[in-house]
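Reading through the structure tokens given below for one structure.
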Amino acid sequence: MAVKLKADKRENNTKSYIRGLREEGIIPAVVYGNGKDPVSVAVDSVDLLKTVRDEGKNAIISLDVKGDTVDVMLHDYQTDSLKGSLVHADFYVVNMSEARNVEVPIQLEGEAPGSSEGGVLQQPLYDLEISAKPNDIPDQITVDVSKLEVGDSISVGDLPTDGSYEILTDADTTIATVTAPTAEIETDDTTTGDADDVEAIEEGSKNDKED
């Protein structure tokens, strides 16, 4: 179900007008795509941020532009590099019967047995690229790590699917793995010579370059 968000049509595109909007917490945005002519609008930045936070970045938004509603997704946005605040947004008009390529966050669940044995649970991949119709896009992909021992891993190809979406990320990409604990190396006086040798080599290399 689409979440509602209000917007106003924006006729004035001058820098002074845009600056005034942002000072009031309103940001300029553009609605386009799916054969529709681009429309300039303005939306409340707090309302947009709340919508994305509560519903996810792939939420279907029913954008109400003065009574004229259209189903969109947040396609892109820009932030102020210093303040971190939103300064612009792009909304893409979606066809509810047409699949789209999107990235969905990956959420690990469970406790890996290998972690209790001293192993380190690592997650190299945080987002999964999929293709799905708008209403079939999941909020997140949950990956169970409760069976991972030290040395085990889960790849994209190991994920089950219910057929509602197609996974586009390469099947060999690692999502989660439990690596062996790193052994601590004991140091004593016998290692001093090795360290001195390394310094000598580095110093010799430096002298060669100078010569």
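By order of appearance in the structure tokens: chains A, B, ..., then residues from 1 within every chain, and ligands from 1 in the order shown.
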Write out as number ranges by chain the set of residues from region 137-180 of chain A that DSSP, computed on the backbone, places in strand (DSSP E). A: 141-144, 153-155, 165-167, 174-179
Non-local contacts of Thr142 (chain A) (10 Å; only C-alpha atoms; under 3 positions in same chain excluded) as a PyMOL selection string: chain A and resi 105-109+138-139+145+159
Mind checking which residues fall within 7 Å of region 40-56 of chain A, counting only C-alpha atoms, ignoring those fewer than 3 positions away in the same chain, and posting them as a ChimeraX atom specification? /A:6-10,25-31,59,86,139
Counting only C-alpha atoms, the residue among A:Lys147, A:Lys57, A:Arg22, A:Lys83 that lies closest to Thr177 (chain A) is A:Lys147
Identify, on the basis of only C-alpha atoms, every residue whose closest approach to Thr173 (chain A) does not exceed 6 Å; exclude the query and any residue fewer than 3 positions from it along the same chain; express the result as a ChimeraX atom specification. /A:155-156,170
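Pairwise distance (CA of Ala2 (chain A), CA of Tyr126 (chain A)) equals 25.3 Å.
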Determine which residues of chain A DSSP labels as helix (DSSP H, G or I) from the backbone of this structure, then write them out as JSON, numbers by chain. {"A": [15, 16, 17, 18, 19, 20, 21, 22, 23, 45, 46, 47, 48, 49, 50, 51, 52, 53, 54, 55, 113, 114, 115, 116, 134, 135, 136, 156, 157, 158, 189, 190, 191, 192, 193, 194, 195, 196, 197, 198, 199, 200, 201, 202, 203, 204, 205, 206, 207, 208, 209, 210]}
